[in-house]
>>> print(open('structure19.txt').read())   # compact mmCIF, N, CA and C atoms
# COMPACT_ATOMS: atom_id res chain seq x y z
N MET A 1 67.18 -14.24 3.05
CA MET A 1 66.08 -15.09 2.64
C MET A 1 66.58 -16.52 2.43
N ARG A 2 65.84 -17.48 2.92
CA ARG A 2 66.21 -18.88 2.81
C ARG A 2 65.86 -19.44 1.44
N PRO A 3 66.73 -20.21 0.86
CA PRO A 3 66.38 -20.87 -0.40
C PRO A 3 65.21 -21.81 -0.17
N ASP A 4 64.41 -22.01 -1.20
CA ASP A 4 63.21 -22.84 -1.11
C ASP A 4 63.51 -24.27 -0.65
N PHE A 5 64.63 -24.84 -1.09
CA PHE A 5 64.91 -26.22 -0.73
C PHE A 5 65.24 -26.39 0.75
N LEU A 6 65.49 -25.32 1.45
CA LEU A 6 65.76 -25.40 2.89
C LEU A 6 64.53 -25.17 3.74
N SER A 7 63.47 -24.71 3.13
CA SER A 7 62.27 -24.43 3.91
C SER A 7 61.65 -25.73 4.43
N VAL A 8 61.05 -25.65 5.57
CA VAL A 8 60.42 -26.81 6.19
C VAL A 8 59.06 -27.00 5.54
N ARG A 9 58.82 -28.21 5.11
CA ARG A 9 57.55 -28.53 4.48
C ARG A 9 56.92 -29.72 5.18
N VAL A 10 55.62 -29.67 5.24
CA VAL A 10 54.87 -30.81 5.75
C VAL A 10 54.59 -31.71 4.55
N ILE A 11 55.01 -32.93 4.64
CA ILE A 11 54.84 -33.87 3.54
C ILE A 11 53.75 -34.86 3.92
N ASP A 12 52.83 -35.08 2.99
CA ASP A 12 51.76 -36.04 3.20
C ASP A 12 52.34 -37.45 3.13
N LYS A 13 52.24 -38.17 4.21
CA LYS A 13 52.82 -39.51 4.28
C LYS A 13 51.74 -40.59 4.18
N SER A 14 50.52 -40.21 3.85
CA SER A 14 49.42 -41.17 3.86
C SER A 14 49.62 -42.32 2.86
N ASP A 15 50.18 -42.04 1.69
CA ASP A 15 50.44 -43.12 0.73
C ASP A 15 51.49 -44.10 1.27
N ALA A 16 52.52 -43.57 1.90
CA ALA A 16 53.56 -44.42 2.48
C ALA A 16 52.99 -45.26 3.63
N ILE A 17 52.18 -44.64 4.46
CA ILE A 17 51.56 -45.36 5.58
C ILE A 17 50.68 -46.49 5.06
N GLU A 18 49.89 -46.19 4.05
CA GLU A 18 49.03 -47.20 3.45
C GLU A 18 49.85 -48.36 2.88
N ALA A 19 50.93 -48.03 2.18
CA ALA A 19 51.79 -49.06 1.61
C ALA A 19 52.42 -49.94 2.69
N LEU A 20 52.74 -49.35 3.83
CA LEU A 20 53.32 -50.12 4.94
C LEU A 20 52.29 -51.02 5.62
N LEU A 21 51.04 -50.57 5.67
CA LEU A 21 50.02 -51.32 6.39
C LEU A 21 49.33 -52.40 5.55
N GLU A 22 49.32 -52.26 4.24
CA GLU A 22 48.64 -53.24 3.40
C GLU A 22 49.16 -54.67 3.60
N PRO A 23 50.49 -54.89 3.68
CA PRO A 23 50.95 -56.26 3.94
C PRO A 23 50.50 -56.80 5.29
N LEU A 24 50.39 -55.93 6.27
CA LEU A 24 49.95 -56.35 7.59
C LEU A 24 48.49 -56.77 7.59
N ALA A 25 47.71 -56.22 6.65
CA ALA A 25 46.28 -56.51 6.57
C ALA A 25 45.98 -57.85 5.92
N LEU A 26 47.00 -58.54 5.45
CA LEU A 26 46.79 -59.86 4.87
C LEU A 26 46.21 -60.81 5.93
N THR A 27 45.50 -61.82 5.47
CA THR A 27 44.90 -62.79 6.38
C THR A 27 45.98 -63.40 7.27
N TYR A 28 45.66 -63.46 8.57
CA TYR A 28 46.59 -64.03 9.54
C TYR A 28 45.94 -65.23 10.21
N PRO A 29 46.65 -66.32 10.37
CA PRO A 29 47.99 -66.62 9.90
C PRO A 29 47.97 -66.92 8.40
N SER A 30 49.14 -66.90 7.80
CA SER A 30 49.27 -67.16 6.38
C SER A 30 48.85 -68.59 6.07
N ALA A 31 48.11 -68.77 5.00
CA ALA A 31 47.67 -70.11 4.60
C ALA A 31 48.83 -70.92 4.01
N ASP A 32 49.85 -70.23 3.53
CA ASP A 32 51.00 -70.88 2.90
C ASP A 32 52.22 -70.77 3.81
N PRO A 33 52.67 -71.88 4.39
CA PRO A 33 53.82 -71.83 5.30
C PRO A 33 55.10 -71.31 4.66
N SER A 34 55.21 -71.41 3.34
CA SER A 34 56.41 -70.91 2.67
C SER A 34 56.40 -69.39 2.51
N THR A 35 55.24 -68.78 2.77
CA THR A 35 55.10 -67.32 2.71
C THR A 35 54.51 -66.84 4.02
N PRO A 36 55.34 -66.64 5.04
CA PRO A 36 54.80 -66.24 6.35
C PRO A 36 54.20 -64.84 6.31
N HIS A 37 53.27 -64.62 7.19
CA HIS A 37 52.69 -63.29 7.36
C HIS A 37 53.81 -62.36 7.86
N PRO A 38 53.81 -61.10 7.45
CA PRO A 38 54.87 -60.18 7.89
C PRO A 38 55.07 -60.10 9.40
N ILE A 39 54.00 -60.25 10.17
CA ILE A 39 54.13 -60.13 11.62
C ILE A 39 54.94 -61.29 12.21
N ASP A 40 55.02 -62.40 11.47
CA ASP A 40 55.78 -63.56 11.95
C ASP A 40 57.29 -63.42 11.71
N LEU A 41 57.69 -62.36 11.03
CA LEU A 41 59.11 -62.10 10.79
C LEU A 41 59.59 -61.10 11.84
N PRO A 42 60.55 -61.48 12.69
CA PRO A 42 60.95 -60.62 13.80
C PRO A 42 61.34 -59.19 13.40
N HIS A 43 62.09 -59.03 12.33
CA HIS A 43 62.50 -57.69 11.94
C HIS A 43 61.32 -56.84 11.49
N THR A 44 60.34 -57.46 10.84
CA THR A 44 59.16 -56.73 10.39
C THR A 44 58.29 -56.36 11.59
N SER A 45 58.16 -57.27 12.51
CA SER A 45 57.39 -57.00 13.71
C SER A 45 57.97 -55.81 14.48
N ARG A 46 59.29 -55.77 14.59
CA ARG A 46 59.95 -54.65 15.28
C ARG A 46 59.72 -53.34 14.53
N LEU A 47 59.71 -53.40 13.20
CA LEU A 47 59.46 -52.20 12.40
C LEU A 47 58.09 -51.61 12.72
N TYR A 48 57.05 -52.45 12.73
CA TYR A 48 55.71 -51.96 13.01
C TYR A 48 55.61 -51.41 14.43
N LYS A 49 56.25 -52.06 15.36
CA LYS A 49 56.23 -51.58 16.74
C LYS A 49 56.90 -50.21 16.84
N THR A 50 58.02 -50.04 16.15
CA THR A 50 58.73 -48.76 16.15
C THR A 50 57.88 -47.67 15.51
N LEU A 51 57.20 -47.99 14.43
CA LEU A 51 56.32 -47.00 13.78
C LEU A 51 55.18 -46.59 14.70
N LEU A 52 54.61 -47.54 15.42
CA LEU A 52 53.52 -47.23 16.33
C LEU A 52 54.01 -46.46 17.56
N GLN A 53 55.25 -46.66 17.94
CA GLN A 53 55.84 -45.90 19.06
C GLN A 53 56.22 -44.50 18.63
N GLY A 54 56.49 -44.34 17.35
CA GLY A 54 56.90 -43.03 16.84
C GLY A 54 58.39 -42.81 16.89
N GLY A 55 59.15 -43.85 17.18
CA GLY A 55 60.60 -43.73 17.23
C GLY A 55 61.23 -44.93 17.89
N HIS A 56 62.53 -44.89 18.02
CA HIS A 56 63.29 -46.00 18.61
C HIS A 56 63.39 -45.87 20.12
N PHE A 57 63.51 -47.01 20.75
CA PHE A 57 63.75 -47.06 22.19
C PHE A 57 65.22 -46.78 22.45
N SER A 58 65.51 -45.83 23.31
CA SER A 58 66.88 -45.49 23.66
C SER A 58 67.23 -46.22 24.96
N HIS A 59 68.24 -47.06 24.88
CA HIS A 59 68.68 -47.78 26.08
C HIS A 59 69.38 -46.84 27.07
N THR A 60 69.85 -45.72 26.58
CA THR A 60 70.50 -44.73 27.44
C THR A 60 69.49 -44.02 28.33
N SER A 61 68.42 -43.51 27.70
CA SER A 61 67.42 -42.76 28.46
C SER A 61 66.25 -43.63 28.93
N HIS A 62 66.20 -44.87 28.47
CA HIS A 62 65.11 -45.79 28.79
C HIS A 62 63.75 -45.21 28.40
N ALA A 63 63.74 -44.57 27.24
CA ALA A 63 62.50 -43.96 26.72
C ALA A 63 62.54 -44.00 25.20
N ILE A 64 61.40 -43.77 24.61
CA ILE A 64 61.29 -43.71 23.16
C ILE A 64 61.79 -42.35 22.70
N THR A 65 62.68 -42.35 21.73
CA THR A 65 63.15 -41.11 21.11
C THR A 65 62.28 -40.89 19.89
N ARG A 66 61.31 -40.01 20.05
CA ARG A 66 60.33 -39.77 18.99
C ARG A 66 60.92 -39.02 17.81
N SER A 67 60.45 -39.38 16.64
CA SER A 67 60.84 -38.69 15.42
C SER A 67 59.95 -37.47 15.25
N PRO A 68 60.52 -36.30 15.01
CA PRO A 68 59.69 -35.10 14.84
C PRO A 68 58.96 -35.06 13.50
N SER A 69 59.34 -35.94 12.58
CA SER A 69 58.75 -35.88 11.24
C SER A 69 57.80 -37.03 10.96
N PHE A 70 57.37 -37.75 12.00
CA PHE A 70 56.45 -38.87 11.79
C PHE A 70 55.41 -38.87 12.90
N SER A 71 54.17 -39.12 12.52
CA SER A 71 53.07 -39.13 13.49
C SER A 71 52.61 -40.56 13.76
N PRO A 72 52.94 -41.11 14.92
CA PRO A 72 52.47 -42.46 15.23
C PRO A 72 50.95 -42.52 15.40
N SER A 73 50.33 -41.41 15.79
CA SER A 73 48.86 -41.43 15.92
C SER A 73 48.20 -41.51 14.54
N ALA A 74 48.79 -40.88 13.54
CA ALA A 74 48.27 -41.00 12.16
C ALA A 74 48.44 -42.43 11.68
N PHE A 75 49.55 -43.05 12.04
CA PHE A 75 49.80 -44.44 11.67
C PHE A 75 48.77 -45.35 12.35
N ALA A 76 48.48 -45.11 13.62
CA ALA A 76 47.50 -45.91 14.35
C ALA A 76 46.10 -45.72 13.77
N SER A 77 45.76 -44.50 13.39
CA SER A 77 44.46 -44.24 12.77
C SER A 77 44.31 -45.01 11.46
N ALA A 78 45.36 -45.00 10.66
CA ALA A 78 45.35 -45.74 9.40
C ALA A 78 45.30 -47.24 9.67
N PHE A 79 45.95 -47.68 10.72
CA PHE A 79 45.95 -49.09 11.13
C PHE A 79 44.51 -49.55 11.34
N ILE A 80 43.71 -48.74 12.00
CA ILE A 80 42.31 -49.07 12.26
C ILE A 80 41.58 -49.33 10.95
N ASN A 81 41.76 -48.44 10.00
CA ASN A 81 41.02 -48.51 8.74
C ASN A 81 41.56 -49.55 7.77
N ILE A 82 42.87 -49.75 7.74
CA ILE A 82 43.47 -50.64 6.75
C ILE A 82 43.58 -52.07 7.26
N VAL A 83 44.10 -52.26 8.45
CA VAL A 83 44.27 -53.60 9.00
C VAL A 83 42.92 -54.14 9.46
N GLY A 84 42.16 -53.32 10.15
CA GLY A 84 40.81 -53.70 10.54
C GLY A 84 40.71 -54.64 11.73
N GLU A 85 39.47 -54.86 12.13
CA GLU A 85 39.19 -55.64 13.33
C GLU A 85 39.61 -57.10 13.23
N GLU A 86 39.18 -57.79 12.19
CA GLU A 86 39.42 -59.23 12.09
C GLU A 86 40.91 -59.57 12.14
N THR A 87 41.71 -58.87 11.34
CA THR A 87 43.14 -59.16 11.31
C THR A 87 43.82 -58.71 12.60
N THR A 88 43.43 -57.57 13.14
CA THR A 88 44.04 -57.09 14.38
C THR A 88 43.82 -58.08 15.52
N VAL A 89 42.61 -58.59 15.64
CA VAL A 89 42.31 -59.56 16.70
C VAL A 89 43.08 -60.86 16.45
N ALA A 90 43.18 -61.29 15.19
CA ALA A 90 43.95 -62.49 14.87
C ALA A 90 45.42 -62.30 15.21
N LEU A 91 45.96 -61.11 14.91
CA LEU A 91 47.36 -60.81 15.26
C LEU A 91 47.56 -60.85 16.77
N ALA A 92 46.58 -60.33 17.50
CA ALA A 92 46.67 -60.31 18.96
C ALA A 92 46.68 -61.73 19.53
N ARG A 93 45.95 -62.62 18.89
CA ARG A 93 45.91 -64.01 19.35
C ARG A 93 47.16 -64.79 18.95
N GLY A 94 47.89 -64.28 17.97
CA GLY A 94 49.08 -64.97 17.47
C GLY A 94 50.36 -64.29 17.88
N ASP A 95 51.28 -64.21 16.93
CA ASP A 95 52.60 -63.66 17.21
C ASP A 95 52.67 -62.14 17.16
N GLY A 96 51.55 -61.48 16.98
CA GLY A 96 51.55 -60.03 16.88
C GLY A 96 51.14 -59.33 18.16
N ALA A 97 51.19 -60.02 19.28
CA ALA A 97 50.72 -59.44 20.55
C ALA A 97 51.44 -58.14 20.91
N PHE A 98 52.76 -58.09 20.74
CA PHE A 98 53.50 -56.88 21.09
C PHE A 98 53.14 -55.71 20.17
N VAL A 99 52.95 -55.99 18.89
CA VAL A 99 52.58 -54.94 17.94
C VAL A 99 51.17 -54.43 18.25
N VAL A 100 50.25 -55.33 18.49
CA VAL A 100 48.88 -54.92 18.81
C VAL A 100 48.85 -54.18 20.14
N ALA A 101 49.67 -54.59 21.10
CA ALA A 101 49.75 -53.87 22.38
C ALA A 101 50.20 -52.44 22.15
N GLU A 102 51.18 -52.23 21.29
CA GLU A 102 51.66 -50.88 21.00
C GLU A 102 50.60 -50.08 20.26
N PHE A 103 49.88 -50.74 19.37
CA PHE A 103 48.76 -50.11 18.66
C PHE A 103 47.71 -49.63 19.67
N LEU A 104 47.36 -50.49 20.61
CA LEU A 104 46.37 -50.12 21.63
C LEU A 104 46.86 -48.97 22.50
N GLU A 105 48.15 -48.97 22.81
CA GLU A 105 48.74 -47.88 23.60
C GLU A 105 48.58 -46.55 22.86
N ARG A 106 48.87 -46.57 21.56
CA ARG A 106 48.79 -45.35 20.77
C ARG A 106 47.35 -44.85 20.69
N VAL A 107 46.41 -45.76 20.47
CA VAL A 107 45.00 -45.37 20.39
C VAL A 107 44.54 -44.82 21.74
N THR A 108 44.94 -45.47 22.83
CA THR A 108 44.55 -45.02 24.16
C THR A 108 45.09 -43.63 24.46
N GLU A 109 46.36 -43.40 24.11
CA GLU A 109 47.00 -42.12 24.44
C GLU A 109 46.65 -40.99 23.47
N GLU A 110 46.51 -41.29 22.18
CA GLU A 110 46.41 -40.23 21.19
C GLU A 110 45.22 -40.35 20.25
N GLY A 111 44.44 -41.40 20.37
CA GLY A 111 43.31 -41.59 19.47
C GLY A 111 42.12 -40.72 19.82
N SER A 112 41.26 -40.53 18.84
CA SER A 112 40.02 -39.79 19.08
C SER A 112 39.07 -40.66 19.90
N GLU A 113 38.05 -40.04 20.45
CA GLU A 113 37.06 -40.82 21.22
C GLU A 113 36.40 -41.88 20.35
N GLY A 114 36.14 -41.56 19.10
CA GLY A 114 35.55 -42.52 18.18
C GLY A 114 36.47 -43.70 17.92
N GLU A 115 37.77 -43.42 17.76
CA GLU A 115 38.73 -44.50 17.54
C GLU A 115 38.83 -45.39 18.78
N LYS A 116 38.85 -44.77 19.94
CA LYS A 116 38.92 -45.55 21.18
C LYS A 116 37.70 -46.46 21.31
N LYS A 117 36.54 -45.91 21.01
CA LYS A 117 35.30 -46.69 21.11
C LYS A 117 35.30 -47.85 20.11
N THR A 118 35.74 -47.58 18.89
CA THR A 118 35.81 -48.62 17.87
C THR A 118 36.72 -49.75 18.29
N VAL A 119 37.94 -49.41 18.69
CA VAL A 119 38.93 -50.43 19.04
C VAL A 119 38.52 -51.17 20.32
N LYS A 120 37.92 -50.47 21.24
CA LYS A 120 37.44 -51.12 22.47
C LYS A 120 36.42 -52.21 22.11
N GLY A 121 35.58 -51.92 21.12
CA GLY A 121 34.59 -52.90 20.67
C GLY A 121 35.21 -54.15 20.06
N TRP A 122 36.41 -54.01 19.50
CA TRP A 122 37.10 -55.16 18.92
C TRP A 122 37.54 -56.14 20.00
N PHE A 123 37.80 -55.63 21.19
CA PHE A 123 38.33 -56.45 22.28
C PHE A 123 37.28 -56.61 23.37
N ASN A 124 36.09 -57.03 22.95
CA ASN A 124 34.98 -57.24 23.88
C ASN A 124 35.24 -58.45 24.78
N GLY A 125 34.24 -58.81 25.56
CA GLY A 125 34.39 -59.88 26.54
C GLY A 125 34.91 -61.19 25.99
N GLY A 126 34.33 -61.66 24.86
CA GLY A 126 34.75 -62.95 24.30
C GLY A 126 36.19 -62.94 23.82
N VAL A 127 36.58 -61.89 23.14
CA VAL A 127 37.95 -61.78 22.66
C VAL A 127 38.90 -61.65 23.85
N ARG A 128 38.51 -60.84 24.81
CA ARG A 128 39.34 -60.63 26.00
C ARG A 128 39.53 -61.93 26.77
N ARG A 129 38.44 -62.69 26.94
CA ARG A 129 38.56 -63.98 27.64
C ARG A 129 39.47 -64.94 26.88
N GLY A 130 39.36 -64.93 25.56
CA GLY A 130 40.23 -65.78 24.73
C GLY A 130 41.69 -65.42 24.90
N LEU A 131 41.97 -64.12 24.99
CA LEU A 131 43.35 -63.68 25.20
C LEU A 131 43.84 -64.06 26.59
N GLN A 132 42.97 -63.98 27.58
CA GLN A 132 43.35 -64.34 28.95
C GLN A 132 43.68 -65.83 29.07
N ASN A 133 42.97 -66.63 28.29
CA ASN A 133 43.19 -68.07 28.34
C ASN A 133 44.30 -68.53 27.40
N GLY A 134 44.75 -67.65 26.54
CA GLY A 134 45.79 -67.99 25.57
C GLY A 134 47.18 -67.93 26.16
N GLU A 135 48.11 -68.35 25.34
CA GLU A 135 49.52 -68.32 25.74
C GLU A 135 50.31 -67.65 24.64
N GLY A 136 51.53 -67.30 24.95
CA GLY A 136 52.40 -66.72 23.93
C GLY A 136 53.08 -65.47 24.43
N LYS A 137 54.10 -65.09 23.68
CA LYS A 137 54.86 -63.90 24.04
C LYS A 137 53.99 -62.65 23.93
N GLY A 138 54.12 -61.79 24.90
CA GLY A 138 53.43 -60.51 24.86
C GLY A 138 52.00 -60.52 25.35
N ARG A 139 51.50 -61.66 25.75
CA ARG A 139 50.10 -61.76 26.15
C ARG A 139 49.79 -60.88 27.36
N LYS A 140 50.68 -60.89 28.34
CA LYS A 140 50.46 -60.10 29.56
C LYS A 140 50.44 -58.60 29.24
N VAL A 141 51.40 -58.15 28.43
CA VAL A 141 51.47 -56.74 28.03
C VAL A 141 50.21 -56.37 27.24
N LEU A 142 49.81 -57.24 26.34
CA LEU A 142 48.61 -56.99 25.53
C LEU A 142 47.38 -56.85 26.42
N LEU A 143 47.21 -57.73 27.39
CA LEU A 143 46.05 -57.66 28.27
C LEU A 143 46.04 -56.38 29.11
N GLU A 144 47.21 -55.90 29.50
CA GLU A 144 47.30 -54.62 30.22
C GLU A 144 46.80 -53.48 29.34
N LYS A 145 47.17 -53.50 28.06
CA LYS A 145 46.74 -52.44 27.14
C LYS A 145 45.25 -52.54 26.85
N VAL A 146 44.74 -53.75 26.74
CA VAL A 146 43.30 -53.94 26.52
C VAL A 146 42.54 -53.38 27.72
N ALA A 147 43.03 -53.63 28.93
CA ALA A 147 42.38 -53.12 30.14
C ALA A 147 42.34 -51.60 30.17
N LYS A 148 43.36 -50.94 29.61
CA LYS A 148 43.39 -49.47 29.58
C LYS A 148 42.33 -48.88 28.64
N LEU A 149 41.87 -49.68 27.69
CA LEU A 149 40.82 -49.20 26.77
C LEU A 149 39.50 -49.01 27.49
N ALA A 150 39.29 -49.80 28.54
CA ALA A 150 37.99 -49.79 29.25
C ALA A 150 37.73 -48.49 29.97
>>> encode(input="structure19.txt", output="structure tokens")
Amino acid sequence: MRPDFLSVRVIDKSDAIEALLEPLALTYPSADPSTPHPIDLPHTSRLYKTLLQGGHFSHTSHAITRSPSFSPSAFASAFINIVGEETTVALARGDGAFVVAEFLERVTEEGSEGEKKTVKGWFNGGVRRGLQNGEGKGRKVLLEKVAKLA
């Protein structure tokens, strides 16, 4: 018989996910230049991208090595509810294009039909045209992910 401390348990990570997403839900861009929005910090941006991917990119296998104990689709679902439309679109227009692109990828691949419909509505014609006319890192990747929502 296995001791209790060795048994596999499913741990509710919803509080941790919420705590991670609340800073991202702050108004973007930050009104105070001395306090940048988390997405404007490269290490933080990479953290959110990794969480949405569900693991780290392996340069050896050229693929994401997924963590068996974390659900990126649960993180993306919480992203919808906590970060919301206004901030997500603002992030997409700014320095958060790569993170929003990964968010869109996760919703497209693993989201419910309702989540897909909701997020697709966020990136309607006007927002999409604005992104097409914009500049910045990740814009091309972001537009590819937006197109997959359609």
>>> atom_distance(input="structure19.txt", atom1="atom C of Ala19 (chain A)", atom2="atom C of Arg66 (chain A)")
20.5 Å
>>> atom_distance(input="structure19.txt", atom1="atom C of Asp15 (chain A)", atom2="atom C of Glu85 (chain A)")
21.3 Å
>>> closest_atom_pairs(input="structure19.txt", of="region 64-137 of chain A", to="region 26-41 of chain A", cutoff="7 Å", atoms="only C-alpha atoms", output="JSON lines")
{"residue": "A:Thr87", "atom": "CA", "partner": "A:Tyr28", "partner_atom": "CA", "distance": 6.2}
{"residue": "A:Ala90", "atom": "CA", "partner": "A:Tyr28", "partner_atom": "CA", "distance": 6.1}
{"residue": "A:Leu91", "atom": "CA", "partner": "A:Tyr28", "partner_atom": "CA", "distance": 6.6}
{"residue": "A:Asp95", "atom": "CA", "partner": "A:Asp40", "partner_atom": "CA", "distance": 6.1}
{"residue": "A:Gly96", "atom": "CA", "partner": "A:Ile39", "partner_atom": "CA", "distance": 5.9}
>>> residues_around(input="structure19.txt", residues="region 67-73 of chain A", least_positions_apart="2", cutoff="8 Å", atoms="all atoms listed in the file", output="ChimeraX atom specification")
/A:50-56,64-65,75-79,106-107,109-111
>>> select_by_dssp(input="structure19.txt", residues="chain A", states="helix (DSSP H, G or I)", output="VMD selection string")
chain A and resid 4 to 6 14 to 21 23 to 25 38 to 40 42 to 53 72 to 82 84 to 93 97 to 110 113 to 122 125 to 133 139 to 149
>>> atom_distance(input="structure19.txt", atom1="atom N of Val100 (chain A)", atom2="atom C of Ser58 (chain A)")
20.3 Å
>>> select_by_dssp(input="structure19.txt", residues="chain A", states="strand (DSSP E)", output="ChimeraX atom specification")
/A:55-58,63-66
>>> write_last_selection(input="structure19.txt", atoms="N, CA and C atoms", output="PDB file, in the frame of the given file")
ATOM      1  N   GLY A  55      59.150 -43.850  17.180  1.00  0.00           N
ATOM      2  CA  GLY A  55      60.600 -43.730  17.230  1.00  0.00           C
ATOM      3  C   GLY A  55      61.230 -44.930  17.890  1.00  0.00           C
ATOM      4  N   HIS A  56      62.530 -44.890  18.020  1.00  0.00           N
ATOM      5  CA  HIS A  56      63.290 -46.000  18.610  1.00  0.00           C
ATOM      6  C   HIS A  56      63.390 -45.870  20.120  1.00  0.00           C
ATOM      7  N   PHE A  57      63.510 -47.010  20.750  1.00  0.00           N
ATOM      8  CA  PHE A  57      63.750 -47.060  22.190  1.00  0.00           C
ATOM      9  C   PHE A  57      65.220 -46.780  22.450  1.00  0.00           C
ATOM     10  N   SER A  58      65.510 -45.830  23.310  1.00  0.00           N
ATOM     11  CA  SER A  58      66.880 -45.490  23.660  1.00  0.00           C
ATOM     12  C   SER A  58      67.230 -46.220  24.960  1.00  0.00           C
ATOM     13  N   ALA A  63      63.740 -44.570  27.240  1.00  0.00           N
ATOM     14  CA  ALA A  63      62.500 -43.960  26.720  1.00  0.00           C
ATOM     15  C   ALA A  63      62.540 -44.000  25.200  1.00  0.00           C
ATOM     16  N   ILE A  64      61.400 -43.770  24.610  1.00  0.00           N
ATOM     17  CA  ILE A  64      61.290 -43.710  23.160  1.00  0.00           C
ATOM     18  C   ILE A  64      61.790 -42.350  22.700  1.00  0.00           C
ATOM     19  N   THR A  65      62.680 -42.350  21.730  1.00  0.00           N
ATOM     20  CA  THR A  65      63.150 -41.110  21.110  1.00  0.00           C
ATOM     21  C   THR A  65      62.280 -40.890  19.890  1.00  0.00           C
ATOM     22  N   ARG A  66      61.310 -40.010  20.050  1.00  0.00           N
ATOM     23  CA  ARG A  66      60.330 -39.770  18.990  1.00  0.00           C
ATOM     24  C   ARG A  66      60.920 -39.020  17.810  1.00  0.00           C
TER      25      ARG A  66
END
>>> closest_residue(input="structure19.txt", among="A:Ile17, A:Ile11, A:Lys49, A:Gly134", to="Val99 (chain A)", atoms="all atoms listed in the file")
A:Lys49
>>> closest_residue(input="structure19.txt", among="A:Ala63, A:Ala74, A:Phe98, A:Lys13", to="Ser45 (chain A)", atoms="only N, CA and C atoms")
A:Phe98
>>> axis_aligned_box(input="structure19.txt", around="region 28-41 of chain A", padding_each_side="4 Å", output="AutoDock Vina command-line options")
--center_x 52.6 --center_y -66.0 --center_z 7.4 --size_x 21.9 --size_y 19.8 --size_z 17.7
>>> closest_residue(input="structure19.txt", among="A:His59, A:Lys145, A:Lys116, A:Lys140", to="Ala101 (chain A)", atoms="only C-alpha atoms")
A:Lys145
>>> residues_around(input="structure19.txt", residues="region 131-133 of chain A", least_positions_apart="4", cutoff="8 Å", atoms="only C-alpha atoms", output="short mmCIF file (atom, residue, chain, number, x, y, z; two decimals) with N, CA and C atoms, in the frame of the given file")
data_model
loop_
_atom_site.label_atom_id
_atom_site.label_comp_id
_atom_site.auth_asym_id
_atom_site.auth_seq_id
_atom_site.Cartn_x
_atom_site.Cartn_y
_atom_site.Cartn_z
N ALA A 92 46.58 -60.33 17.50
CA ALA A 92 46.67 -60.31 18.96
C ALA A 92 46.68 -61.73 19.53
N ARG A 93 45.95 -62.62 18.89
CA ARG A 93 45.91 -64.01 19.35
C ARG A 93 47.16 -64.79 18.95
N VAL A 127 36.58 -61.89 23.14
CA VAL A 127 37.95 -61.78 22.66
C VAL A 127 38.90 -61.65 23.85
N ARG A 139 51.50 -61.66 25.75
CA ARG A 139 50.10 -61.76 26.15
C ARG A 139 49.79 -60.88 27.36
N LEU A 143 47.21 -57.73 27.39
CA LEU A 143 46.05 -57.66 28.27
C LEU A 143 46.04 -56.38 29.11
#
>>> closest_residue(input="structure19.txt", among="A:Ala147, A:Leu142, A:Asp12, A:Pro42", to="Ala97 (chain A)", atoms="all atoms listed in the file")
A:Leu142
>>> closest_residue(input="structure19.txt", among="A:Ile80, A:Leu20, A:Ala25, A:Leu47", to="Glu115 (chain A)", atoms="only N, CA and C atoms")
A:Ile80
